[in-house]
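Just upload_37.cif here, mmCIF, C-alpha atoms:
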```
data_start
#
loop_
_atom_site.label_atom_id
_atom_site.label_comp_id
_atom_site.auth_asym_id
_atom_site.auth_seq_id
_atom_site.Cartn_x
_atom_site.Cartn_y
_atom_site.Cartn_z
CA MET D 1 -70.04 3.52 5.73
CA PRO D 2 -72.47 3.95 2.82
CA GLU D 3 -76.01 2.73 3.34
CA TYR D 4 -75.76 0.12 0.57
CA ILE D 5 -72.71 -1.44 2.28
CA LEU D 6 -74.54 -1.46 5.60
CA GLU D 7 -77.45 -3.19 3.84
CA ILE D 8 -75.12 -5.87 2.44
CA LEU D 9 -73.64 -6.49 5.90
CA ARG D 10 -77.10 -6.53 7.52
CA ARG D 11 -78.46 -9.13 5.12
CA LEU D 12 -75.42 -11.37 5.44
CA THR D 13 -75.23 -11.22 9.24
CA GLY D 14 -79.01 -11.51 9.49
CA ALA D 15 -78.74 -14.81 7.63
CA GLY D 16 -76.19 -16.08 10.14
CA PHE D 17 -72.95 -15.31 8.27
CA SER D 18 -69.95 -13.27 9.34
CA ALA D 19 -69.42 -10.23 7.12
CA TYR D 20 -67.06 -7.25 7.11
CA ALA D 21 -65.91 -4.39 4.96
CA VAL D 22 -62.25 -5.15 4.26
CA GLY D 23 -59.06 -3.77 2.76
CA GLY D 24 -58.44 -0.32 1.39
CA CYS D 25 -61.87 1.04 2.28
CA VAL D 26 -61.17 0.38 5.96
CA ARG D 27 -57.71 1.93 5.70
CA ASP D 28 -59.06 5.05 4.00
CA THR D 29 -61.91 5.39 6.51
CA LEU D 30 -59.48 5.28 9.42
CA MET D 31 -57.37 7.94 7.68
CA GLY D 32 -60.39 10.21 7.20
CA ARG D 33 -60.32 9.70 3.43
CA THR D 34 -63.30 8.85 1.24
CA PRO D 35 -62.87 5.32 -0.16
CA HIS D 36 -63.06 4.96 -3.94
CA ASP D 37 -64.88 1.65 -3.54
CA TRP D 38 -65.91 -0.81 -0.87
CA ASP D 39 -65.14 -4.53 -0.67
CA VAL D 40 -66.87 -7.04 1.58
CA ALA D 41 -65.58 -10.38 2.86
CA ALA D 42 -67.98 -12.94 4.32
CA SER D 43 -68.24 -16.53 5.46
CA ALA D 44 -71.03 -17.05 2.89
CA SER D 45 -70.35 -18.87 -0.38
CA CYS D 46 -71.05 -17.27 -3.75
CA GLY D 47 -74.31 -19.20 -4.03
CA GLU D 48 -75.40 -18.15 -0.55
CA VAL D 49 -74.61 -14.51 -1.33
CA ALA D 50 -76.52 -14.67 -4.62
CA ALA D 51 -79.54 -16.14 -2.82
CA LEU D 52 -79.73 -13.12 -0.49
CA PHE D 53 -79.75 -10.40 -3.16
CA GLU D 54 -81.92 -9.72 -6.15
CA ARG D 55 -79.11 -8.63 -8.48
CA THR D 56 -75.63 -10.13 -8.49
CA VAL D 57 -72.91 -10.65 -11.10
CA PRO D 58 -70.57 -13.68 -10.91
CA THR D 59 -67.37 -11.67 -11.37
CA GLY D 60 -64.87 -14.21 -10.00
CA LEU D 61 -66.44 -17.47 -8.89
CA LYS D 62 -63.08 -19.28 -8.95
CA TYR D 63 -61.87 -16.89 -6.25
CA GLY D 64 -65.19 -16.69 -4.43
CA THR D 65 -66.31 -13.28 -5.65
CA VAL D 66 -69.69 -12.01 -6.72
CA THR D 67 -70.66 -8.38 -7.24
CA VAL D 68 -73.80 -7.30 -5.43
CA LEU D 69 -75.84 -4.55 -7.10
CA LEU D 70 -78.07 -2.35 -4.96
CA PRO D 71 -79.77 0.97 -5.71
CA GLY D 72 -77.10 2.87 -3.80
CA GLY D 73 -74.08 1.23 -5.39
CA ARG D 74 -72.22 -2.00 -5.99
CA ALA D 75 -69.65 -3.98 -4.04
CA GLU D 76 -67.64 -7.14 -4.52
CA VAL D 77 -68.43 -9.74 -1.89
CA THR D 78 -65.75 -12.43 -1.51
CA THR D 79 -65.88 -15.58 0.56
CA PHE D 80 -63.23 -15.87 3.28
CA ARG D 81 -60.44 -17.87 1.71
CA ARG D 82 -56.99 -19.37 2.06
CA ASP D 83 -54.76 -19.09 -1.00
CA GLY D 84 -53.13 -22.14 -2.53
CA PRO D 85 -49.57 -22.14 -3.93
CA TYR D 86 -48.44 -19.27 -6.13
CA LEU D 87 -46.70 -21.04 -9.00
CA ASN D 88 -46.51 -18.16 -11.47
CA GLY D 89 -45.56 -15.33 -9.12
CA ARG D 90 -48.86 -13.57 -9.66
CA ARG D 91 -52.00 -15.53 -8.61
CA PRO D 92 -52.67 -18.61 -6.51
CA GLU D 93 -53.27 -21.82 -8.44
CA ASN D 94 -56.36 -22.43 -6.33
CA VAL D 95 -58.11 -21.15 -3.25
CA GLU D 96 -59.77 -22.89 -0.32
CA PHE D 97 -62.83 -21.27 1.14
CA VAL D 98 -62.79 -21.00 4.95
CA SER D 99 -64.97 -19.62 7.72
CA ASP D 100 -62.22 -17.84 9.63
CA LEU D 101 -61.67 -14.11 9.08
CA ARG D 102 -58.11 -14.39 10.44
CA GLU D 103 -57.06 -16.72 7.63
CA ASP D 104 -58.57 -14.40 5.06
CA LEU D 105 -56.78 -11.33 6.43
CA SER D 106 -53.47 -13.16 6.84
CA ARG D 107 -53.13 -13.70 3.07
CA ARG D 108 -53.29 -9.97 2.27
CA ASP D 109 -50.35 -7.84 1.17
CA PHE D 110 -49.78 -5.07 3.71
CA THR D 111 -50.95 -4.55 7.28
CA VAL D 112 -52.74 -1.30 6.42
CA ASN D 113 -54.81 -3.27 3.89
CA ALA D 114 -55.46 -6.21 6.22
CA MET D 115 -58.11 -4.74 8.51
CA ALA D 116 -61.85 -5.37 8.64
CA MET D 117 -64.82 -3.35 9.89
CA ASP D 118 -68.25 -4.64 10.86
CA GLY D 119 -71.58 -2.89 10.43
CA GLN D 120 -71.24 -1.18 13.82
CA GLY D 121 -67.90 0.33 12.86
CA ARG D 122 -65.83 -2.01 15.02
CA ILE D 123 -62.37 -2.65 13.63
CA VAL D 124 -60.70 -6.05 13.44
CA ASP D 125 -56.94 -5.47 13.30
CA LEU D 126 -54.92 -8.65 13.76
CA PHE D 127 -51.58 -7.56 12.27
CA GLY D 128 -50.91 -4.06 13.56
CA GLY D 129 -52.44 -2.10 10.72
CA ARG D 130 -53.67 0.76 12.88
CA GLU D 131 -50.27 1.16 14.46
CA ASP D 132 -48.64 1.21 11.03
CA LEU D 133 -51.15 3.84 9.90
CA ALA D 134 -50.14 5.97 12.88
CA ARG D 135 -46.44 5.39 12.15
CA GLY D 136 -46.86 6.01 8.42
CA VAL D 137 -45.41 2.66 7.39
CA ILE D 138 -46.09 0.16 4.59
CA ARG D 139 -45.30 -3.26 6.08
CA CYS D 140 -45.98 -6.72 4.72
CA VAL D 141 -48.35 -9.06 6.51
CA GLY D 142 -46.18 -11.88 7.84
CA GLU D 143 -42.88 -12.64 6.11
CA PRO D 144 -42.04 -10.02 3.44
CA GLU D 145 -40.13 -12.44 1.22
CA ARG D 146 -43.08 -14.82 1.16
CA ARG D 147 -45.53 -12.05 0.32
CA PHE D 148 -43.41 -10.75 -2.54
CA ALA D 149 -42.51 -14.21 -3.84
CA GLU D 150 -46.22 -15.08 -3.97
CA ASP D 151 -47.06 -12.05 -6.07
CA ALA D 152 -44.27 -9.89 -7.50
CA LEU D 153 -46.74 -7.11 -8.28
CA ARG D 154 -46.85 -6.40 -4.53
CA MET D 155 -43.39 -4.84 -4.79
CA LEU D 156 -44.69 -2.24 -7.23
CA ARG D 157 -47.80 -1.80 -5.08
CA ALA D 158 -45.57 -1.10 -2.06
CA VAL D 159 -44.03 1.85 -3.92
CA ARG D 160 -47.43 2.99 -5.14
CA PHE D 161 -48.99 2.94 -1.65
CA SER D 162 -45.94 4.70 -0.28
CA ALA D 163 -46.48 7.46 -2.85
CA ALA D 164 -50.25 7.63 -2.43
CA LEU D 165 -50.23 7.71 1.36
CA GLY D 166 -46.93 9.45 2.01
CA PHE D 167 -45.69 6.46 4.00
CA ALA D 168 -42.23 4.90 4.25
CA ILE D 169 -41.71 1.25 3.38
CA ASP D 170 -40.81 -0.78 6.46
CA PRO D 171 -37.04 -1.60 6.47
CA ASP D 172 -37.55 -5.39 6.51
CA SER D 173 -40.10 -5.19 3.71
CA LEU D 174 -37.82 -2.88 1.70
CA ALA D 175 -34.84 -5.20 2.13
CA ALA D 176 -36.93 -8.12 0.85
CA LEU D 177 -38.19 -6.00 -2.04
CA ARG D 178 -34.65 -5.18 -3.12
CA ARG D 179 -33.62 -8.84 -2.97
CA LEU D 180 -36.61 -10.10 -4.91
CA ALA D 181 -36.87 -7.26 -7.46
CA PRO D 182 -35.85 -9.59 -10.36
CA LEU D 183 -39.14 -11.48 -9.87
CA THR D 184 -40.96 -8.53 -11.44
CA GLU D 185 -39.62 -9.70 -14.81
CA LYS D 186 -42.38 -12.33 -14.74
CA LEU D 187 -45.09 -9.68 -14.66
CA SER D 188 -46.92 -8.54 -17.76
CA ALA D 189 -45.88 -5.14 -19.06
CA GLU D 190 -49.47 -3.96 -18.74
CA ARG D 191 -49.51 -4.71 -14.99
CA VAL D 192 -46.24 -2.87 -14.46
CA LEU D 193 -47.48 0.13 -16.45
CA ALA D 194 -50.70 0.28 -14.41
CA GLU D 195 -48.79 0.49 -11.12
CA LEU D 196 -46.31 2.99 -12.55
CA GLN D 197 -49.09 5.27 -13.78
CA LYS D 198 -51.01 5.04 -10.50
CA THR D 199 -47.82 6.15 -8.79
CA LEU D 200 -47.38 8.99 -11.29
CA ARG D 201 -50.96 10.12 -10.61
CA SER D 202 -50.42 10.09 -6.83
CA PRO D 203 -49.72 13.17 -4.68
CA ARG D 204 -46.02 12.18 -4.75
CA PRO D 205 -45.30 11.22 -8.37
CA GLN D 206 -41.55 11.58 -7.84
CA ALA D 207 -41.71 8.27 -5.95
CA ALA D 208 -41.88 6.57 -9.35
CA ALA D 209 -38.11 7.00 -9.48
CA LEU D 210 -37.88 4.49 -6.62
CA MET D 211 -39.13 1.81 -9.00
CA ILE D 212 -35.90 2.36 -10.90
CA ASP D 213 -33.74 2.64 -7.79
CA TYR D 214 -35.11 -0.66 -6.49
CA GLY D 215 -34.64 -2.44 -9.82
CA LEU D 216 -38.35 -2.97 -10.47
CA LEU D 217 -38.19 -1.60 -14.03
CA ARG D 218 -34.85 -3.10 -15.03
CA ARG D 219 -36.22 -5.22 -17.86
CA PHE D 220 -37.55 -2.12 -19.62
CA MET D 221 -34.25 -0.19 -19.49
CA THR D 222 -30.86 -0.69 -21.08
CA GLU D 223 -29.30 0.95 -18.00
CA ASN D 224 -30.50 1.18 -14.43
CA SER D 225 -29.40 4.76 -13.77
CA LYS D 226 -30.99 6.88 -11.09
CA ILE D 227 -33.14 9.77 -12.20
CA ASP D 228 -34.14 13.02 -10.54
CA ALA D 229 -37.93 12.95 -10.76
CA GLY D 230 -38.64 16.01 -8.63
CA VAL D 231 -40.03 17.90 -11.63
CA LEU D 232 -42.97 15.48 -11.79
CA ALA D 233 -44.63 17.06 -8.77
CA ASP D 234 -45.03 20.39 -10.57
CA ILE D 235 -46.68 19.28 -13.80
CA PRO D 236 -50.19 18.09 -14.73
CA GLU D 237 -51.00 14.38 -14.45
CA GLU D 238 -51.54 14.05 -18.20
CA LEU D 239 -47.87 14.89 -18.90
CA ARG D 240 -46.24 12.82 -16.18
CA THR D 241 -45.95 9.53 -18.05
CA ALA D 242 -44.25 11.21 -21.01
CA VAL D 243 -41.94 13.25 -18.79
CA PHE D 244 -41.01 10.16 -16.77
CA ALA D 245 -40.12 8.43 -20.05
CA LEU D 246 -37.96 11.43 -21.01
CA LEU D 247 -36.13 11.31 -17.69
CA VAL D 248 -35.52 7.58 -18.11
CA ARG D 249 -34.20 8.08 -21.62
CA GLN D 250 -31.96 10.94 -20.50
CA ALA D 251 -30.45 8.67 -17.85
CA GLY D 252 -29.20 6.28 -20.52
CA GLY D 253 -30.33 3.85 -23.15
CA THR D 254 -31.01 3.77 -26.84
CA GLY D 255 -33.90 4.91 -29.00
CA ASP D 256 -36.30 7.66 -28.02
CA ALA D 257 -38.56 8.02 -25.00
CA GLY D 258 -41.40 6.40 -26.90
CA ASP D 259 -39.46 3.12 -27.00
CA PHE D 260 -39.60 2.88 -23.21
CA LEU D 261 -43.38 3.30 -23.21
CA ARG D 262 -43.88 0.92 -26.11
CA ALA D 263 -41.99 -1.74 -24.15
CA LEU D 264 -44.46 -1.12 -21.31
CA ARG D 265 -47.36 -1.59 -23.76
CA ALA D 266 -48.52 1.97 -23.20
CA PRO D 267 -51.30 3.26 -25.47
CA ALA D 268 -50.03 4.50 -28.83
CA ARG D 269 -51.04 8.09 -28.06
CA GLU D 270 -48.83 8.15 -24.94
CA ALA D 271 -45.84 6.67 -26.76
CA LYS D 272 -46.38 9.21 -29.58
CA LEU D 273 -46.39 12.11 -27.10
CA ALA D 274 -43.17 10.84 -25.52
CA ARG D 275 -41.54 10.40 -28.92
CA GLU D 276 -42.47 13.94 -30.01
CA ALA D 277 -41.38 15.34 -26.66
CA TRP D 278 -38.02 13.59 -27.03
CA ALA D 279 -37.54 15.23 -30.44
CA ALA D 280 -38.32 18.62 -28.88
CA LEU D 281 -35.97 17.92 -25.98
CA GLU D 282 -33.07 17.21 -28.31
CA GLU D 283 -33.55 20.68 -29.84
CA LEU D 284 -33.59 22.49 -26.49
CA ALA D 285 -30.52 23.77 -24.69
CA GLU D 286 -29.70 22.32 -21.27
CA GLU D 287 -31.00 25.55 -19.73
CA PRO D 288 -33.48 26.91 -22.29
CA ALA D 289 -33.93 30.65 -22.59
CA ASP D 290 -37.30 32.18 -23.45
CA ARG D 291 -36.27 32.44 -27.10
CA ASP D 292 -35.53 28.70 -27.22
CA ILE D 293 -38.93 27.88 -25.73
CA ARG D 294 -40.82 30.22 -28.06
CA ARG D 295 -39.08 28.74 -31.09
CA ALA D 296 -39.91 25.21 -29.90
CA LEU D 297 -43.56 26.22 -29.53
CA ALA D 298 -43.49 27.65 -33.06
CA ARG D 299 -42.22 24.34 -34.43
CA ARG D 300 -44.38 21.84 -32.54
CA ASP D 301 -47.63 21.15 -30.71
CA VAL D 302 -47.81 22.56 -27.20
CA ARG D 303 -47.98 19.32 -25.17
CA PRO D 304 -44.70 17.76 -26.42
CA VAL D 305 -42.90 21.07 -25.89
CA LEU D 306 -44.29 21.41 -22.35
CA ALA D 307 -43.19 17.86 -21.59
CA ALA D 308 -39.70 18.55 -22.94
CA CYS D 309 -39.45 21.77 -20.97
CA ALA D 310 -40.59 19.93 -17.83
CA ALA D 311 -37.71 17.51 -18.27
CA ARG D 312 -35.40 20.54 -18.55
CA GLY D 313 -36.88 22.04 -15.38
CA VAL D 314 -38.58 25.04 -17.03
CA TYR D 315 -42.18 23.82 -17.25
CA GLY D 316 -43.64 26.86 -15.47
CA ARG D 317 -42.05 29.35 -17.83
CA ALA D 318 -42.97 27.28 -20.89
CA ARG D 319 -46.59 27.15 -19.78
CA GLU D 320 -46.64 30.94 -19.35
CA LEU D 321 -45.24 31.51 -22.83
CA ALA D 322 -47.71 29.02 -24.30
CA GLU D 323 -50.68 30.58 -22.52
CA GLU D 324 -49.61 34.07 -23.61
CA ARG D 325 -49.20 32.81 -27.20
CA GLN D 326 -45.72 34.27 -27.43
CA TYR D 327 -44.99 32.37 -30.60
CA THR D 328 -46.24 32.15 -34.17
CA ARG D 329 -46.70 28.90 -36.06
CA PRO D 330 -46.69 28.47 -39.84
CA LYS D 331 -50.49 28.12 -39.85
CA ASP D 332 -50.81 31.49 -38.05
CA LEU D 333 -48.92 33.45 -40.69
CA ALA D 334 -50.49 36.09 -42.89
CA VAL D 335 -49.28 34.14 -45.94
CA LYS D 336 -50.22 30.66 -47.04
CA GLY D 337 -48.56 27.98 -49.08
CA SER D 338 -50.42 29.13 -52.19
CA ASP D 339 -48.83 32.58 -51.84
CA LEU D 340 -45.37 31.05 -51.83
CA ASN D 341 -46.23 28.69 -54.66
CA ALA D 342 -47.06 31.77 -56.72
CA LEU D 343 -43.46 32.85 -56.15
CA GLY D 344 -42.25 29.60 -57.73
CA LEU D 345 -41.64 27.52 -54.58
CA GLU D 346 -42.54 23.82 -54.49
CA ARG D 347 -43.77 21.63 -51.62
CA GLU D 348 -40.62 21.06 -49.57
CA ALA D 349 -39.36 24.58 -50.17
CA ILE D 350 -42.76 25.98 -49.17
CA ALA D 351 -42.72 24.08 -45.86
CA GLN D 352 -39.18 25.26 -45.12
CA ALA D 353 -40.04 28.85 -45.98
CA LEU D 354 -43.18 28.87 -43.82
CA LEU D 355 -41.22 27.56 -40.84
CA ALA D 356 -38.47 30.14 -41.40
CA LEU D 357 -41.11 32.88 -41.50
CA ALA D 358 -42.79 31.62 -38.35
CA LEU D 359 -39.47 31.59 -36.49
CA ALA D 360 -38.60 35.08 -37.73
CA VAL D 361 -41.97 36.43 -36.56
CA THR D 362 -41.61 34.58 -33.25
CA ASP D 363 -38.16 36.14 -32.77
CA GLY D 364 -39.56 39.59 -33.50
CA GLU D 365 -37.48 39.99 -36.66
CA LEU D 366 -40.53 40.33 -38.92
CA PRO D 367 -44.08 41.61 -38.51
CA ASN D 368 -46.78 39.10 -39.33
CA GLU D 369 -47.90 41.09 -42.38
CA LYS D 370 -48.30 39.65 -45.86
CA GLU D 371 -46.19 42.16 -47.74
CA ALA D 372 -43.30 41.96 -45.29
CA LEU D 373 -43.38 38.16 -45.28
CA LEU D 374 -43.42 37.89 -49.06
CA ALA D 375 -40.60 40.39 -49.36
CA TYR D 376 -38.56 38.32 -46.93
CA VAL D 377 -39.11 35.18 -48.99
CA LYS D 378 -38.22 36.98 -52.22
CA ARG D 379 -34.94 38.19 -50.72
CA ARG D 380 -34.06 34.65 -49.59
CA CYS D 381 -34.94 33.20 -53.00
CA SER D 382 -32.81 35.74 -54.80
CA ARG D 383 -29.64 34.75 -52.90
#
```
With the file now loaded, output its structure as structure tokens.
Amino acid sequence: MPEYILEILRRLTGAGFSAYAVGGCVRDTLMGRTPHDWDVAASASCGEVAALFERTVPTGLKYGTVTVLLPGGRAEVTTFRRDGPYLNGRRPENVEFVSDLREDLSRRDFTVNAMAMDGQGRIVDLFGGREDLARGVIRCVGEPERRFAEDALRMLRAVRFSAALGFAIDPDSLAALRRLAPLTEKLSAERVLAELQKTLRSPRPQAAALMIDYGLLRRFMTENSKIDAGVLADIPEELRTAVFALLVRQAGGTGDAGDFLRALRAPAREAKLAREAWAALEELAEEPADRDIRRALARRDVRPVLAACAARGVYGRARELAEERQYTRPKDLAVKGSDLNALGLEREAIAQALLALALAVTDGELPNEKEALLAYVKRRCSR
């Protein structure tokens, strides 16, 4: 446990309050992983926490949260609470602050996230979280249907944690997830995209396909076809969102792959990459040969072509050809547009001629030499 977290716990317990590190940081510690951040739960109110520390930020007073800033780091400190009714399927309408750690842990999503640890490293595990860690299981705290009905985002989080940790979803929790999947239609597109992309960035990105299998992305698709997302594990993180969109579009639907990401409110640059990759994909054969890949690289930027080739299952070979520069683009030619304009060609004809030259050089039919290229254009113009 970092020293700044120990200091927070020491000050709170020294003032007579109960205080624990809680949630994912405890889970990761027990798994031998380094937590990304640390959260603290305490019996102290926001005002009582603020009185104990020199620097705090009121980040969520309605929900009992203040952020404590210390030289070593920062942590959210939240008062033990009981959630009120969830009327919108996302957040409780109100919370009631309590002094009992059990009540605070009982409102959490999954058992592996519902453990606490005190400053001496002692674990409070009231719902079988350690056993589920050992079994490799994601299981809801309490009744799965209640947990998912309270907050539909938890269904997407179940898939994401399954992917991140390599765990299976408990059968009862999975059955409830399948039944209640339509509730995800209430979620904002941005929330859905965030969970999808966290899953795609996990060690098991292919698990994102389960979001389709379970019906969690139905509102963003014209069809709910299964996809084979195994290729996602072999490509860089920065291409996975675009490739996932390509796989979804291949499985059925209208428009291009960018439409799927636009519906999810993805950033414009990601939708643009998917749209360009879809155009490249439509030009590729089902099983692209090297010549097909080289010609695609000659026509387009590298990233859309790599994404398209990933969807075709030939990412590794496409990357090799791209790294070896086994293609020539119009801008790499020994002739320029002005040279072709001198031959009497206009704008559109110049663009077409440059692309034809680039493809001929890429195919090995022409050397990239000015005289040979101009002679080729003259022959074509004379036909």
### Task
Could you expand the PyMOL selection byres ((chain D and resi 98) around 9) into the explicit residues it covers here, written as a list of chain:residue names?
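That selection, the PyMOL selection byres ((chain D and resi 98) around 9), comes back as D:Ser43, D:Thr79, D:Phe80, D:Arg81, D:Arg82, D:Glu96, D:Phe97, D:Ser99, D:Asp100, D:Leu101, D:Glu103, D:Asp104.
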### Query
Could you state the separation of CA of Leu333 (chain D) and CA of Lys378 (chain D) in Å, given to one decimal place?
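The value is 16.1 Å.
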### Query
So which residues get picked by the PyMOL selection byres ((chain D and resi 170) around 9) here, written as a list in words?
Val137, Ile138, Arg139, Cys140, Ala168, Ile169, Pro171, Asp172, Ser173, Leu174 and Ala175 of chain D
### Query
What does the PyMOL selection byres ((chain D and resi 111) around 12) select in this file, as a PyMOL selection string?
chain D and resi 22-24+26-27+105-110+112-116+124-144+147+158+161+169-170+173
Keeping only C-alpha atoms, write those residues as a tab-separated table (two decimals), keeping the file's coordinate frame.
```
chain	number	residue	atom	x	y	z
D	22	VAL	CA	-62.25	-5.15	4.26
D	23	GLY	CA	-59.06	-3.77	2.76
D	24	GLY	CA	-58.44	-0.32	1.39
D	26	VAL	CA	-61.17	0.38	5.96
D	27	ARG	CA	-57.71	1.93	5.70
D	105	LEU	CA	-56.78	-11.33	6.43
D	106	SER	CA	-53.47	-13.16	6.84
D	107	ARG	CA	-53.13	-13.70	3.07
D	108	ARG	CA	-53.29	-9.97	2.27
D	109	ASP	CA	-50.35	-7.84	1.17
D	110	PHE	CA	-49.78	-5.07	3.71
D	112	VAL	CA	-52.74	-1.30	6.42
D	113	ASN	CA	-54.81	-3.27	3.89
D	114	ALA	CA	-55.46	-6.21	6.22
D	115	MET	CA	-58.11	-4.74	8.51
D	116	ALA	CA	-61.85	-5.37	8.64
D	124	VAL	CA	-60.70	-6.05	13.44
D	125	ASP	CA	-56.94	-5.47	13.30
D	126	LEU	CA	-54.92	-8.65	13.76
D	127	PHE	CA	-51.58	-7.56	12.27
D	128	GLY	CA	-50.91	-4.06	13.56
D	129	GLY	CA	-52.44	-2.10	10.72
D	130	ARG	CA	-53.67	0.76	12.88
D	131	GLU	CA	-50.27	1.16	14.46
D	132	ASP	CA	-48.64	1.21	11.03
D	133	LEU	CA	-51.15	3.84	9.90
D	134	ALA	CA	-50.14	5.97	12.88
D	135	ARG	CA	-46.44	5.39	12.15
D	136	GLY	CA	-46.86	6.01	8.42
D	137	VAL	CA	-45.41	2.66	7.39
D	138	ILE	CA	-46.09	0.16	4.59
D	139	ARG	CA	-45.30	-3.26	6.08
D	140	CYS	CA	-45.98	-6.72	4.72
D	141	VAL	CA	-48.35	-9.06	6.51
D	142	GLY	CA	-46.18	-11.88	7.84
D	143	GLU	CA	-42.88	-12.64	6.11
D	144	PRO	CA	-42.04	-10.02	3.44
D	147	ARG	CA	-45.53	-12.05	0.32
D	158	ALA	CA	-45.57	-1.10	-2.06
D	161	PHE	CA	-48.99	2.94	-1.65
D	169	ILE	CA	-41.71	1.25	3.38
D	170	ASP	CA	-40.81	-0.78	6.46
D	173	SER	CA	-40.10	-5.19	3.71
```
### Query
Near Ala15 (chain D), counting only C-alpha atoms, which residues have an atom at most 10 Å away, once you skip same-chain residues fewer than 4 positions from it, shown as number ranges by chain?
D: 9-11, 44, 48-49, 52
Grab the residues selected above and save them as a compact mmCIF listing (two decimals), keeping the file's coordinate frame with C-alpha atoms.
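Ended up saving to out-v1.txt:
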```txt
# COMPACT_ATOMS: atom_id res chain seq x y z
CA LEU D 9 -73.64 -6.49 5.90
CA ARG D 10 -77.10 -6.53 7.52
CA ARG D 11 -78.46 -9.13 5.12
CA ALA D 44 -71.03 -17.05 2.89
CA GLU D 48 -75.40 -18.15 -0.55
CA VAL D 49 -74.61 -14.51 -1.33
CA LEU D 52 -79.73 -13.12 -0.49
```
3 Å per side around region 300-315 of chain D: axis-aligned box centre and edge lengths, as JSON:
```
{"center_x": -41.7, "center_y": 21.3, "center_z": -24.0, "size_x": 18.6, "size_y": 13.5, "size_z": 23.2}
```
### Contacts of Val361 (chain D) at 10 Å (all atoms listed in the file; same-chain gap of 5+ positions) as a PyMOL selection string
chain D and resi 295+298+327-330+333+355-356+366-369+373
Deliver the residues from the most recent selection as a file, using C-alpha atoms, as a short mmCIF file (atom, residue, chain, number, x, y, z; two decimals), keeping the file's coordinate frame.
```
data_model
loop_
_atom_site.label_atom_id
_atom_site.label_comp_id
_atom_site.auth_asym_id
_atom_site.auth_seq_id
_atom_site.Cartn_x
_atom_site.Cartn_y
_atom_site.Cartn_z
CA ARG D 295 -39.08 28.74 -31.09
CA ALA D 298 -43.49 27.65 -33.06
CA TYR D 327 -44.99 32.37 -30.60
CA THR D 328 -46.24 32.15 -34.17
CA ARG D 329 -46.70 28.90 -36.06
CA PRO D 330 -46.69 28.47 -39.84
CA LEU D 333 -48.92 33.45 -40.69
CA LEU D 355 -41.22 27.56 -40.84
CA ALA D 356 -38.47 30.14 -41.40
CA LEU D 366 -40.53 40.33 -38.92
CA PRO D 367 -44.08 41.61 -38.51
CA ASN D 368 -46.78 39.10 -39.33
CA GLU D 369 -47.90 41.09 -42.38
CA LEU D 373 -43.38 38.16 -45.28
#
```
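Distance-wise, CA of Asp234 (chain D) and CA of Arg219 (chain D) end up 28.0 Å apart.
Here the question is which of D:Ala42, D:Leu196, D:Leu374, D:Ala351 gets nearest to Leu264 (chain D) using all atoms listed in the file, and that residue is D:Leu196.
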### Message
Between CA of Ile235 (chain D) and CA of Gln206 (chain D), what distance in Å does the model show, to one decimal?
### Response
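If I compute the distance from CA of Ile235 (chain D) to CA of Gln206 (chain D), I get 11.0 Å.
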#### Entry: Counting only C-alpha atoms, the residue of D:Leu180, D:Ala189, D:Leu239, D:Ala277 that sits nearest Asp256 (chain D)
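Among D:Leu180, D:Ala189, D:Leu239, D:Ala277, it is D:Ala277 that comes nearest to Asp256 (chain D).
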### Task
Identify which of the residues D:Gly121, D:Pro182, D:Pro304, D:Gly255 lies closest to Thr241 (chain D), counting only C-alpha atoms when measuring atom-to-atom distances.
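Comparing D:Gly121, D:Pro182, D:Pro304, D:Gly255 against Thr241 (chain D), the winner is D:Pro304.
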#### Entry: Residue nearest Ala266 (chain D) among D:Arg122, D:Arg191, D:His36, D:Lys62 (counting all atoms listed in the file)
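For Ala266 (chain D), the nearest of the given residues is D:Arg191.
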### Message
Which residues are near Leu216 (chain D)? Cut-off 7 Å, all atoms listed in the file, ignore same chain within fewer than 2 positions. Put them as a ChimeraX atom specification.
### Response
/D:181,184,211-212,214,218
#### Entry: Which residue of D:Ser225, D:Gln120, D:Thr78, D:Asn341 approaches Leu6 (chain D) most closely, using all atoms listed in the file
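Looking at the shortest contact to Leu6 (chain D), the residue is D:Gln120.
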